[in-house]
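Asker: Contents are compact mmCIF, C-alpha atoms and all ligand atoms; file name final-v7.txt:
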```txt
# COMPACT_ATOMS: atom_id res chain seq x y z
CA MET A 267 26.90 -4.25 -20.30
CA GLY A 268 24.17 -1.59 -20.24
CA ILE A 269 22.09 -2.83 -17.36
CA ASP A 270 24.02 -3.79 -14.24
CA PHE A 271 23.18 -4.75 -10.67
CA LYS A 272 26.38 -3.73 -8.90
CA GLY A 273 25.72 -3.23 -5.18
CA LYS A 274 22.32 -4.91 -5.46
CA VAL A 275 21.30 -8.04 -3.54
CA ALA A 276 18.87 -10.53 -5.06
CA ILE A 277 17.01 -13.53 -3.67
CA VAL A 278 15.87 -16.04 -6.27
CA THR A 279 13.64 -18.82 -4.91
CA GLY A 280 13.71 -22.28 -6.50
CA ALA A 281 16.97 -21.34 -8.20
CA GLY A 282 18.62 -24.76 -7.98
CA GLY A 283 17.53 -25.62 -11.54
CA GLY A 284 15.35 -24.60 -14.48
CA LEU A 285 14.31 -20.97 -14.81
CA GLY A 286 15.46 -19.89 -11.35
CA ARG A 287 18.99 -21.04 -12.13
CA THR A 288 19.23 -18.98 -15.33
CA HIS A 289 17.72 -15.93 -13.54
CA ALA A 290 20.33 -16.28 -10.75
CA LEU A 291 23.24 -16.73 -13.18
CA GLU A 292 22.28 -13.67 -15.24
CA LEU A 293 21.81 -11.42 -12.19
CA ALA A 294 25.17 -12.57 -10.80
CA LYS A 295 26.87 -12.02 -14.16
CA ARG A 296 25.61 -8.45 -14.04
CA GLY A 297 27.06 -7.80 -10.59
CA ALA A 298 24.26 -8.70 -8.17
CA LYS A 299 25.04 -10.63 -4.99
CA VAL A 300 22.67 -13.56 -5.25
CA VAL A 301 21.00 -15.77 -2.69
CA VAL A 302 20.21 -19.06 -4.39
CA ASN A 303 17.27 -20.61 -2.56
CA ASP A 304 16.08 -24.12 -3.33
CA LEU A 305 14.48 -26.86 -1.34
CA GLY A 306 15.97 -29.36 -3.78
CA GLY A 307 13.02 -31.75 -3.75
CA ALA A 308 11.25 -33.73 -6.48
CA MET A 309 8.87 -32.05 -8.91
CA ASP A 310 5.88 -32.85 -6.67
CA GLY A 311 7.57 -31.09 -3.76
CA THR A 312 8.62 -34.20 -1.83
CA GLY A 313 12.14 -34.72 -0.48
CA GLY A 314 14.80 -32.04 -0.31
CA SER A 315 18.50 -31.19 0.03
CA SER A 316 20.65 -28.10 -0.43
CA LYS A 317 22.70 -29.79 -3.19
CA ALA A 318 20.85 -28.11 -6.07
CA ALA A 319 21.30 -24.62 -4.62
CA ASP A 320 24.95 -25.33 -3.72
CA ALA A 321 25.71 -26.37 -7.31
CA VAL A 322 24.35 -23.09 -8.70
CA VAL A 323 26.34 -21.11 -6.12
CA ALA A 324 29.47 -22.97 -7.25
CA GLU A 325 28.63 -22.11 -10.86
CA ILE A 326 28.24 -18.41 -10.01
CA LYS A 327 31.49 -18.35 -8.04
CA ALA A 328 33.38 -20.13 -10.82
CA ALA A 329 32.27 -17.34 -13.17
CA GLY A 330 33.61 -14.71 -10.72
CA GLY A 331 30.29 -13.80 -9.09
CA GLU A 332 29.13 -13.64 -5.49
CA ALA A 333 26.45 -15.96 -4.11
CA ILE A 334 25.28 -17.95 -1.11
CA SER A 335 22.85 -20.85 -0.93
CA ASN A 336 19.77 -21.41 1.20
CA GLY A 337 17.74 -24.61 1.45
CA SER A 338 14.52 -23.30 3.06
CA SER A 339 11.09 -24.13 1.77
CA VAL A 340 9.22 -21.00 0.69
CA SER A 341 6.04 -22.44 2.18
CA ASP A 342 7.58 -22.65 5.66
CA ARG A 343 7.35 -19.30 7.48
CA LYS A 344 10.32 -20.06 9.75
CA GLY A 345 12.36 -21.14 6.75
CA VAL A 346 11.54 -17.88 4.97
CA ALA A 347 12.49 -15.86 8.05
CA ASN A 348 15.80 -17.73 7.98
CA LEU A 349 16.29 -17.01 4.29
CA VAL A 350 15.86 -13.29 4.88
CA LYS A 351 18.02 -13.28 8.02
CA GLN A 352 20.79 -15.17 6.23
CA THR A 353 20.65 -12.66 3.35
CA MET A 354 20.75 -9.63 5.67
CA ASP A 355 23.60 -11.13 7.72
CA ALA A 356 25.64 -11.84 4.59
CA PHE A 357 24.85 -8.81 2.42
CA GLY A 358 23.02 -6.20 4.56
CA ARG A 359 20.19 -5.38 2.13
CA ILE A 360 17.66 -6.94 -0.25
CA ASP A 361 16.86 -5.17 -3.51
CA ILE A 362 15.39 -7.92 -5.63
CA LEU A 363 13.13 -10.89 -4.96
CA ILE A 364 12.20 -13.34 -7.67
CA ASN A 365 9.41 -15.65 -6.46
CA ASN A 366 10.12 -18.57 -8.75
CA ALA A 367 9.91 -21.76 -6.64
CA GLY A 368 7.21 -24.12 -7.76
CA ILE A 369 5.85 -27.66 -7.91
CA LEU A 370 3.19 -29.57 -9.81
CA ARG A 371 0.53 -32.07 -8.65
CA ASP A 372 -1.49 -32.41 -11.87
CA LYS A 373 -4.79 -34.33 -11.97
CA SER A 374 -8.27 -33.58 -13.31
CA PHE A 375 -10.31 -31.72 -10.68
CA LYS A 376 -12.60 -34.74 -10.37
CA LYS A 377 -9.70 -36.94 -9.27
CA MET A 378 -7.64 -34.34 -7.41
CA GLU A 379 -7.18 -34.82 -3.66
CA LEU A 380 -7.66 -31.60 -1.69
CA ASP A 381 -4.22 -32.17 -0.13
CA ASP A 382 -2.72 -31.83 -3.62
CA PHE A 383 -4.69 -28.64 -4.13
CA GLN A 384 -3.53 -27.25 -0.80
CA VAL A 385 0.16 -28.04 -1.16
CA VAL A 386 0.36 -26.42 -4.60
CA VAL A 387 -1.35 -23.26 -3.32
CA ASP A 388 0.98 -23.35 -0.29
CA VAL A 389 4.13 -23.34 -2.43
CA HIS A 390 3.15 -20.95 -5.23
CA LEU A 391 0.75 -18.49 -3.62
CA MET A 392 1.56 -18.66 0.10
CA GLY A 393 5.28 -19.13 -0.64
CA SER A 394 5.26 -15.95 -2.76
CA ALA A 395 3.27 -14.13 -0.07
CA PHE A 396 5.61 -15.28 2.75
CA CYS A 397 8.77 -14.26 0.89
CA THR A 398 7.30 -10.95 -0.26
CA LYS A 399 6.00 -10.12 3.21
CA ALA A 400 9.42 -10.90 4.72
CA VAL A 401 11.31 -8.54 2.38
CA TRP A 402 8.62 -5.82 2.26
CA PRO A 403 9.70 -3.85 5.38
CA ILE A 404 13.33 -3.98 4.24
CA MET A 405 12.50 -2.70 0.77
CA SER A 406 10.14 -0.06 2.20
CA GLU A 407 12.84 1.18 4.55
CA GLN A 408 15.39 1.34 1.71
CA ASN A 409 12.88 3.00 -0.62
CA TYR A 410 13.88 0.49 -3.26
CA GLY A 411 12.61 -2.90 -4.30
CA ARG A 412 12.00 -4.97 -7.39
CA ILE A 413 9.83 -8.09 -7.08
CA VAL A 414 8.89 -10.63 -9.72
CA MET A 415 6.03 -13.10 -9.30
CA THR A 416 6.00 -16.21 -11.47
CA THR A 417 2.57 -16.79 -12.94
CA SER A 418 1.72 -19.11 -15.83
CA PRO A 419 -0.41 -19.38 -18.96
CA SER A 420 -2.28 -22.07 -16.96
CA GLY A 421 -3.32 -19.41 -14.44
CA LEU A 422 -4.17 -16.79 -17.05
CA TYR A 423 -6.08 -19.08 -19.42
CA GLY A 424 -6.54 -22.47 -17.73
CA ASN A 425 -5.13 -25.91 -18.53
CA PHE A 426 -6.65 -29.36 -18.16
CA GLY A 427 -5.41 -31.08 -14.99
CA GLN A 428 -4.05 -27.92 -13.37
CA ALA A 429 -6.96 -26.55 -11.30
CA ASN A 430 -4.71 -26.28 -8.21
CA TYR A 431 -1.77 -24.81 -10.08
CA GLY A 432 -3.90 -22.40 -12.14
CA ALA A 433 -5.66 -21.09 -9.04
CA ALA A 434 -2.33 -20.51 -7.28
CA LYS A 435 -0.77 -18.91 -10.35
CA LEU A 436 -3.56 -16.39 -10.86
CA GLY A 437 -3.48 -15.76 -7.10
CA VAL A 438 0.02 -14.29 -7.38
CA VAL A 439 -1.27 -11.87 -10.04
CA GLY A 440 -3.96 -10.71 -7.61
CA LEU A 441 -1.28 -10.19 -4.97
CA MET A 442 0.79 -8.20 -7.46
CA ASN A 443 -2.18 -5.99 -8.40
CA THR A 444 -2.51 -4.72 -4.85
CA LEU A 445 1.20 -4.57 -4.02
CA LYS A 446 1.94 -2.46 -7.12
CA ILE A 447 -0.35 0.17 -5.57
CA GLU A 448 0.92 -0.19 -2.01
CA GLY A 449 4.60 -0.25 -3.11
CA THR A 450 4.53 2.93 -5.20
CA LYS A 451 5.39 5.39 -2.45
CA ASN A 452 8.51 3.40 -1.50
CA ASN A 453 9.72 2.78 -5.05
CA ILE A 454 8.87 -0.91 -4.89
CA ARG A 455 7.91 -2.22 -8.31
CA ILE A 456 6.34 -5.60 -8.76
CA ASN A 457 5.62 -7.54 -11.94
CA ALA A 458 4.75 -11.05 -13.05
CA ILE A 459 6.38 -13.36 -15.57
CA ALA A 460 4.32 -15.96 -17.43
CA PRO A 461 7.02 -18.20 -18.92
CA VAL A 462 7.12 -21.23 -21.14
CA ALA A 463 10.48 -23.01 -21.03
CA ALA A 464 12.16 -26.38 -21.32
CA THR A 465 12.74 -27.50 -17.73
CA ARG A 466 12.03 -30.68 -15.80
CA MET A 467 8.47 -29.33 -15.40
CA THR A 468 7.81 -29.42 -19.13
CA GLU A 469 10.18 -32.18 -20.33
CA ASN A 470 7.36 -34.73 -20.51
CA LEU A 471 4.70 -32.31 -21.74
CA LEU A 472 6.22 -30.84 -24.89
CA PRO A 473 7.77 -32.55 -27.95
CA LYS A 474 11.59 -32.71 -28.10
CA GLU A 475 11.86 -30.41 -31.15
CA ALA A 476 9.80 -27.74 -29.34
CA LEU A 477 11.87 -28.06 -26.16
CA GLU A 478 15.09 -27.42 -28.08
CA LYS A 479 13.86 -23.92 -28.95
CA LEU A 480 12.57 -23.12 -25.47
CA GLY A 481 15.66 -22.80 -23.29
CA PRO A 482 15.04 -20.99 -19.97
CA GLU A 483 17.83 -18.54 -20.93
CA LEU A 484 15.35 -17.21 -23.52
CA VAL A 485 12.96 -16.18 -20.72
CA THR A 486 15.53 -14.78 -18.26
CA PRO A 487 16.31 -11.48 -20.09
CA GLY A 488 12.67 -10.43 -19.60
CA VAL A 489 12.77 -11.32 -15.91
CA VAL A 490 16.06 -9.52 -15.37
CA TYR A 491 14.64 -6.42 -17.09
CA LEU A 492 11.73 -6.55 -14.60
CA CYS A 493 14.35 -6.44 -11.81
CA SER A 494 16.10 -3.36 -13.20
CA GLU A 495 16.02 0.29 -12.14
CA ASP A 496 13.63 1.23 -14.98
CA ALA A 497 11.28 -1.73 -14.58
CA PRO A 498 7.56 -1.10 -15.07
CA SER A 499 5.14 -2.07 -12.28
CA GLY A 500 2.06 -4.27 -12.44
CA THR A 501 2.86 -5.87 -15.79
CA ILE A 502 2.27 -9.50 -16.77
CA LEU A 503 5.11 -10.33 -19.15
CA GLN A 504 4.75 -13.48 -21.23
CA ALA A 505 8.01 -15.03 -22.42
CA MET A 506 8.72 -18.08 -24.52
CA GLY A 507 11.63 -19.00 -26.78
CA GLY A 508 12.81 -15.38 -27.03
CA ARG A 509 9.38 -13.93 -27.83
CA PHE A 510 7.96 -11.41 -25.34
CA SER A 511 4.43 -10.04 -25.01
CA VAL A 512 2.20 -8.50 -22.36
CA ALA A 513 -1.08 -9.95 -21.08
CA ALA A 514 -3.68 -7.83 -19.28
CA VAL A 515 -7.18 -7.97 -17.82
CA MET A 516 -9.49 -6.12 -20.20
CA GLU A 517 -12.86 -4.51 -19.68
CA ASN A 518 -15.50 -3.33 -22.15
CA GLN A 519 -17.66 -0.21 -21.81
CA GLY A 520 -20.66 -2.14 -20.53
CA VAL A 521 -24.38 -1.61 -21.04
CA ASP A 522 -26.56 0.51 -18.74
CA LEU A 523 -29.71 -1.41 -17.80
CA SER A 524 -30.53 0.70 -14.74
CA GLN A 525 -33.87 1.79 -16.16
CA ALA A 526 -35.07 -1.81 -16.48
CA CYS A 527 -32.68 -4.02 -14.55
CA THR A 528 -34.20 -7.46 -15.04
CA VAL A 529 -32.88 -10.94 -15.73
CA GLU A 530 -34.65 -10.87 -19.10
CA ASN A 531 -32.92 -7.62 -20.03
CA VAL A 532 -29.51 -9.04 -19.12
CA ALA A 533 -30.32 -12.04 -21.35
CA GLU A 534 -31.56 -9.82 -24.18
CA ASN A 535 -28.48 -7.60 -24.07
CA TRP A 536 -25.94 -10.40 -23.52
CA GLY A 537 -24.40 -9.86 -26.95
CA ALA A 538 -23.49 -6.24 -26.17
CA ILE A 539 -22.59 -6.92 -22.51
CA SER A 540 -20.10 -9.62 -23.51
CA ASP A 541 -18.71 -7.93 -26.63
CA LEU A 542 -14.98 -7.51 -25.99
CA SER A 543 -14.12 -6.15 -29.45
CA LYS A 544 -13.56 -2.62 -28.03
CA ALA A 545 -12.33 -3.73 -24.60
CA LYS A 546 -9.39 -1.89 -23.02
CA PRO A 547 -7.14 -2.58 -20.04
CA ARG A 548 -8.02 -0.43 -16.99
P1 LIG B 601 11.80 -26.58 -11.95
O1 LIG B 601 11.12 -27.72 -11.32
O2 LIG B 601 13.04 -26.82 -12.72
O3 LIG B 601 12.14 -25.44 -10.87
C1 LIG B 601 11.42 -25.21 -9.72
C2 LIG B 601 12.38 -25.18 -8.56
O4 LIG B 601 11.67 -24.82 -7.36
C3 LIG B 601 13.02 -26.56 -8.29
O5 LIG B 601 14.43 -26.43 -8.32
C4 LIG B 601 12.49 -26.95 -6.92
O6 LIG B 601 13.41 -27.69 -6.15
C5 LIG B 601 12.19 -25.60 -6.31
N1 LIG B 601 11.18 -25.68 -5.24
C6 LIG B 601 10.02 -26.41 -5.26
N2 LIG B 601 9.34 -26.23 -4.12
C7 LIG B 601 10.08 -25.38 -3.37
C8 LIG B 601 9.89 -24.82 -2.08
N3 LIG B 601 8.83 -25.10 -1.33
N4 LIG B 601 10.85 -23.97 -1.61
C9 LIG B 601 11.95 -23.66 -2.34
N5 LIG B 601 12.17 -24.20 -3.57
C10 LIG B 601 11.24 -25.04 -4.08
O7 LIG B 601 10.71 -25.87 -12.87
P2 LIG B 601 10.74 -24.50 -13.71
O8 LIG B 601 10.04 -24.78 -14.96
O9 LIG B 601 12.08 -23.90 -13.72
O10 LIG B 601 9.75 -23.60 -12.82
C11 LIG B 601 10.07 -22.33 -12.31
C12 LIG B 601 8.81 -21.52 -12.13
O11 LIG B 601 8.23 -21.22 -13.40
C13 LIG B 601 7.72 -22.25 -11.33
O12 LIG B 601 7.04 -21.33 -10.49
C14 LIG B 601 6.79 -22.75 -12.43
O13 LIG B 601 5.49 -22.97 -11.95
C15 LIG B 601 6.88 -21.59 -13.41
N6 LIG B 601 6.45 -21.92 -14.75
C16 LIG B 601 7.21 -22.72 -15.57
C17 LIG B 601 6.79 -22.97 -16.86
C18 LIG B 601 7.63 -23.75 -17.81
O14 LIG B 601 7.25 -23.82 -19.01
N7 LIG B 601 8.73 -24.35 -17.39
C19 LIG B 601 5.50 -22.49 -17.36
C20 LIG B 601 4.82 -21.61 -16.46
C21 LIG B 601 5.29 -21.36 -15.19
```
Starting from the coordinates I provided, produce the structure as C-alpha cells.

Answerer:
Amino acid sequence: MGIDFKGKVAIVTGAGGGLGRTHALELAKRGAKVVVNDLGGAMDGTGGSSKAADAVVAEIKAAGGEAISNGSSVSDRKGVANLVKQTMDAFGRIDILINNAGILRDKSFKKMELDDFQVVVDVHLMGSAFCTKAVWPIMSEQNYGRIVMTTSPSGLYGNFGQANYGAAKLGVVGLMNTLKIEGTKNNIRINAIAPVAATRMTENLLPKEALEKLGPELVTPGVVYLCSEDAPSGTILQAMGGRFSVAAVMENQGVDLSQACTVENVAENWGAISDLSKAKPR
C-alpha cells in the first residue's frame, strides 16, 4: 500500500454509517487509529445511541485495525470537548479530522420552520466549527494536521428544498477558505469534499439503478487522499461513483467604470461585467 497512516490518529464524525463509515474503514485499513464518532440518531437528527459507532469499531477491529467509539453530538460543545479528550487520552495526538456528520430537514423555504433551518446549520456548520476549533491547538502544536470539510453540490449550486442545508454546506467552504490561510504556518491543510453517494440520505432521492453505481466506497479514496501527507489545501473535491473533479470560485477581469460610475453604465455594460467566458480561479 503506497499511502499509509501508521502512527496517525483520525477522528471521523458521523462515521456510524454511510460515507463516514467507509472513510473510517479505509483509514483504519491503512494503519490509522480511528475514533468513530456518531450520535446514532435518525436522518433528521432526532434520537441517538452509540450502537452505530460501536458497530463500525467492531468492524475495524475484526479487520485487525485499532478504533474507539464516541457518541457525542458535534453540535454540542461539551460533547465535542469530550470527543477530543477521549481521543487524546486513548491515542495522545490528533492528525486527521473528517467533519462528516450531517442531517437533513428538507422543505421549500416558504414552508420551512426557522427551527429546521437552525438545527441544520448547527450540525453541519457549527458542528464542523466546534470540532475544528477543538483540534486546532493540538494540530498547531504538533505542526501537523489534515482536515476535511464535507460540503455538497446543494451548497455549491443550490437544490430545491435545501435552503438550510445549502447555506450550511457553503458555510463550511467559507470556513475552509480562511483556515487554509491560517493553518499554513503549522502545516495544517484543509480541504472540502462534495460527494454524491448511495446512503440513507439519498436512498429515496435517486433511482435504484443510479444508486447501485454510487457506493460511498467510490468517494472515500478522494477523501483519504485529502488526509494524506501530500494533500493539497483549500480544494473543493467533487466525487461521485468513482469520478473526481475540482470545483472553484471563479472571477472575471471586470470592467472599469470609474470614469462614469452610474447605475445606467452598470446596466449598459452588464454583458461584459457578467461574462465569465474568460474567468479564472483566484
Ligand atoms: P448518513 O445519514 O448515512 O450519515 C450521516 C451520519 O452523521 C449518520 O450516521 C448520523 O447518525 C450522523 N450524525 C448526524 N448528526 C450528528 C451529530 N450531531 N453528531 C454526530 N453524528 C451525527 O448520510 P451520508 O450520506 O453518509 O452523509 C455524510 C455527509 O455527506 C453529510 O455531511 C452529508 O450532508 C454529506 N453529503 C452526502 C451526500 C450523498 O449523496 N450521500 C451528498 C452531499 C453531501

Asker: Do a neighbour search on range 341-348 of chain A at 8 Å with only C-alpha atoms, toss out local chain neighbours closer than 3 positions, and write the hits as a PyMOL selection string.

Answerer: chain A and resi 338+351-352+388-389+392-393+396-397+400

Asker: Within 7 Å of Val323 in chain A, counting all atoms listed in the file, which residues show up once you throw out same-chain ones fewer than 5 positions away? Write them as a ChimeraX atom specification, please.

Answerer: /A:302,333-335

Asker: Write the residues of the preceding selection, restricted to C-alpha atoms, as an mmCIF file, in the frame of the given file.

Answerer:
```
data_model
loop_
_atom_site.group_PDB
_atom_site.id
_atom_site.type_symbol
_atom_site.label_atom_id
_atom_site.label_comp_id
_atom_site.auth_asym_id
_atom_site.auth_seq_id
_atom_site.Cartn_x
_atom_site.Cartn_y
_atom_site.Cartn_z
ATOM 1 C CA VAL A 302 20.210 -19.060 -4.390
ATOM 2 C CA ALA A 333 26.450 -15.960 -4.110
ATOM 3 C CA ILE A 334 25.280 -17.950 -1.110
ATOM 4 C CA SER A 335 22.850 -20.850 -0.930
#
```

Asker: Hey, what's within 6 Å of Ala545 in chain A if we count only C-alpha atoms and toss same-chain stuff fewer than 2 positions away? As a list in words, please?

Answerer: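 My list of contacting residues is Met516, Glu517, Asn518, Leu542 and Ser543 of chain A.
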
Asker: Where's the centre, and what are the edge lengths in Å to one decimal, of a box along x, y and z enclosing all listed atoms of range 307-324 of chain A padded 5 Å per side, as lines of an AutoDock Vina configuration file?

Answerer:
```
center_x = 17.7
center_y = -27.9
center_z = -4.4
size_x = 33.6
size_y = 23.6
size_z = 18.9
```

Asker: For each of A:Val386, A:Leu436, A:Ala290, A:Ala328, take the minimum atom-to-atom distance to Asp372 in chain A, counting all atoms listed in the file, then give the residue where this is smallest.

Answerer: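 Among A:Val386, A:Leu436, A:Ala290, A:Ala328, it is A:Val386 that comes nearest to Asp372 in chain A.
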
Asker: Using all atoms listed in the file, find each residue of chain A with at least one atom at most 6 Å away from an atom of ligand LIG 601 (chain B); report its shortest atom-to-atom pair and that distance in Å (one decimal), sort the rows by chain and rising residue number, and return the result as a Markdown table.

Answerer:
```
| residue | atom | partner | partner_atom | distance |
| --- | --- | --- | --- | --- |
| A:Thr279 | CA | B:LIG601 | C9 | 5.7 |
| A:Gly280 | CA | B:LIG601 | O4 | 3.4 |
| A:Ala281 | CA | B:LIG601 | O5 | 5.7 |
| A:Gly282 | CA | B:LIG601 | O5 | 4.5 |
| A:Gly283 | CA | B:LIG601 | O5 | 4.5 |
| A:Gly284 | CA | B:LIG601 | O9 | 3.4 |
| A:Leu285 | CA | B:LIG601 | O9 | 3.8 |
| A:Gly286 | CA | B:LIG601 | O9 | 5.8 |
| A:Asp304 | CA | B:LIG601 | N5 | 3.9 |
| A:Leu305 | CA | B:LIG601 | N5 | 4.2 |
| A:Gly306 | CA | B:LIG601 | O6 | 3.9 |
| A:Gly307 | CA | B:LIG601 | O6 | 4.7 |
| A:Met309 | CA | B:LIG601 | O1 | 5.4 |
| A:Gly311 | CA | B:LIG601 | N2 | 5.2 |
| A:Ser338 | CA | B:LIG601 | N4 | 6.0 |
| A:Ser339 | CA | B:LIG601 | N4 | 3.4 |
| A:Val340 | CA | B:LIG601 | N4 | 4.1 |
| A:Ser341 | CA | B:LIG601 | N3 | 5.2 |
| A:Asn366 | CA | B:LIG601 | O12 | 4.5 |
| A:Ala367 | CA | B:LIG601 | O4 | 3.6 |
| A:Gly368 | CA | B:LIG601 | O12 | 3.9 |
| A:Ile369 | CA | B:LIG601 | C6 | 5.1 |
| A:Val389 | CA | B:LIG601 | N3 | 5.1 |
| A:Thr416 | CA | B:LIG601 | O12 | 5.3 |
| A:Thr417 | CA | B:LIG601 | C21 | 5.8 |
| A:Ser418 | CA | B:LIG601 | C20 | 4.0 |
| A:Ala460 | CA | B:LIG601 | C20 | 5.8 |
| A:Pro461 | CA | B:LIG601 | C20 | 4.7 |
| A:Val462 | CA | B:LIG601 | O14 | 3.4 |
| A:Ala463 | CA | B:LIG601 | O14 | 3.9 |
| A:Ala464 | CA | B:LIG601 | N7 | 5.6 |
| A:Thr465 | CA | B:LIG601 | O8 | 4.7 |
| A:Arg466 | CA | B:LIG601 | O2 | 5.0 |
| A:Met467 | CA | B:LIG601 | O8 | 4.8 |
| A:Thr468 | CA | B:LIG601 | N7 | 5.4 |
```

Asker: When you look at Tyr410 in chain A with a cut-off of 7 Å (counting only C-alpha atoms), what residues show up, excluding the ones that are within fewer than 2 positions of it in the same chain? I need them as a PyMOL selection string.

Answerer: chain A and resi 361+405-406+408+452-454

Asker: What gap, in Å, lies between CA of Asn443 in chain A and CA of Val278 in chain A?

Answerer: 20.8 Å

Asker: Pick out the residues sitting within 9 Å of Glu332 in chain A, and hand them over as an mmCIF file with C-alpha atoms, keeping the file's coordinate frame; count only C-alpha atoms, and ignore anything fewer than 5 positions along from it in its own chain.

Answerer:
```
data_model
loop_
_atom_site.group_PDB
_atom_site.id
_atom_site.type_symbol
_atom_site.label_atom_id
_atom_site.label_comp_id
_atom_site.auth_asym_id
_atom_site.auth_seq_id
_atom_site.Cartn_x
_atom_site.Cartn_y
_atom_site.Cartn_z
ATOM 1 C CA ALA A 294 25.170 -12.570 -10.800
ATOM 2 C CA GLY A 297 27.060 -7.800 -10.590
ATOM 3 C CA ALA A 298 24.260 -8.700 -8.170
ATOM 4 C CA LYS A 299 25.040 -10.630 -4.990
ATOM 5 C CA VAL A 300 22.670 -13.560 -5.250
ATOM 6 C CA VAL A 301 21.000 -15.770 -2.690
ATOM 7 C CA VAL A 323 26.340 -21.110 -6.120
ATOM 8 C CA ILE A 326 28.240 -18.410 -10.010
ATOM 9 C CA LYS A 327 31.490 -18.350 -8.040
#
```

Asker: N, CA and C atoms are what I want for range 362-375 of chain A; can you complete it accordingly and write them as a compact mmCIF listing (two decimals), in the coordinates of the input?

Answerer:
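As written to disk, part_9.txt reads:
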```
# COMPACT_ATOMS: atom_id res chain seq x y z
N ILE A 362 16.14 -7.18 -4.62
CA ILE A 362 15.39 -7.92 -5.63
C ILE A 362 14.92 -9.25 -5.05
N LEU A 363 13.65 -9.56 -5.32
CA LEU A 363 13.13 -10.89 -4.96
C LEU A 363 12.45 -11.47 -6.19
N ILE A 364 12.90 -12.63 -6.60
CA ILE A 364 12.20 -13.34 -7.67
C ILE A 364 11.52 -14.56 -7.06
N ASN A 365 10.20 -14.52 -6.98
CA ASN A 365 9.41 -15.65 -6.46
C ASN A 365 9.22 -16.65 -7.60
N ASN A 366 10.10 -17.64 -7.62
CA ASN A 366 10.12 -18.57 -8.75
C ASN A 366 9.84 -20.01 -8.35
N ALA A 367 10.04 -20.36 -7.07
CA ALA A 367 9.91 -21.76 -6.64
C ALA A 367 8.54 -22.31 -6.99
N GLY A 368 8.51 -23.55 -7.42
CA GLY A 368 7.21 -24.12 -7.76
C GLY A 368 7.22 -25.63 -7.91
N ILE A 369 6.03 -26.21 -7.75
CA ILE A 369 5.85 -27.66 -7.91
C ILE A 369 4.58 -27.92 -8.71
N LEU A 370 4.41 -29.16 -9.10
CA LEU A 370 3.19 -29.57 -9.81
C LEU A 370 2.58 -30.78 -9.12
N ARG A 371 1.27 -30.85 -9.08
CA ARG A 371 0.53 -32.07 -8.65
C ARG A 371 -0.68 -32.17 -9.57
N ASP A 372 -0.43 -32.44 -10.86
CA ASP A 372 -1.49 -32.41 -11.87
C ASP A 372 -2.45 -33.60 -11.76
N LYS A 373 -3.73 -33.32 -11.88
CA LYS A 373 -4.79 -34.33 -11.97
C LYS A 373 -6.07 -33.59 -12.35
N SER A 374 -7.00 -34.26 -13.02
CA SER A 374 -8.27 -33.58 -13.31
C SER A 374 -8.92 -33.24 -11.97
N PHE A 375 -9.72 -32.19 -11.94
CA PHE A 375 -10.31 -31.72 -10.68
C PHE A 375 -11.14 -32.82 -10.04
```
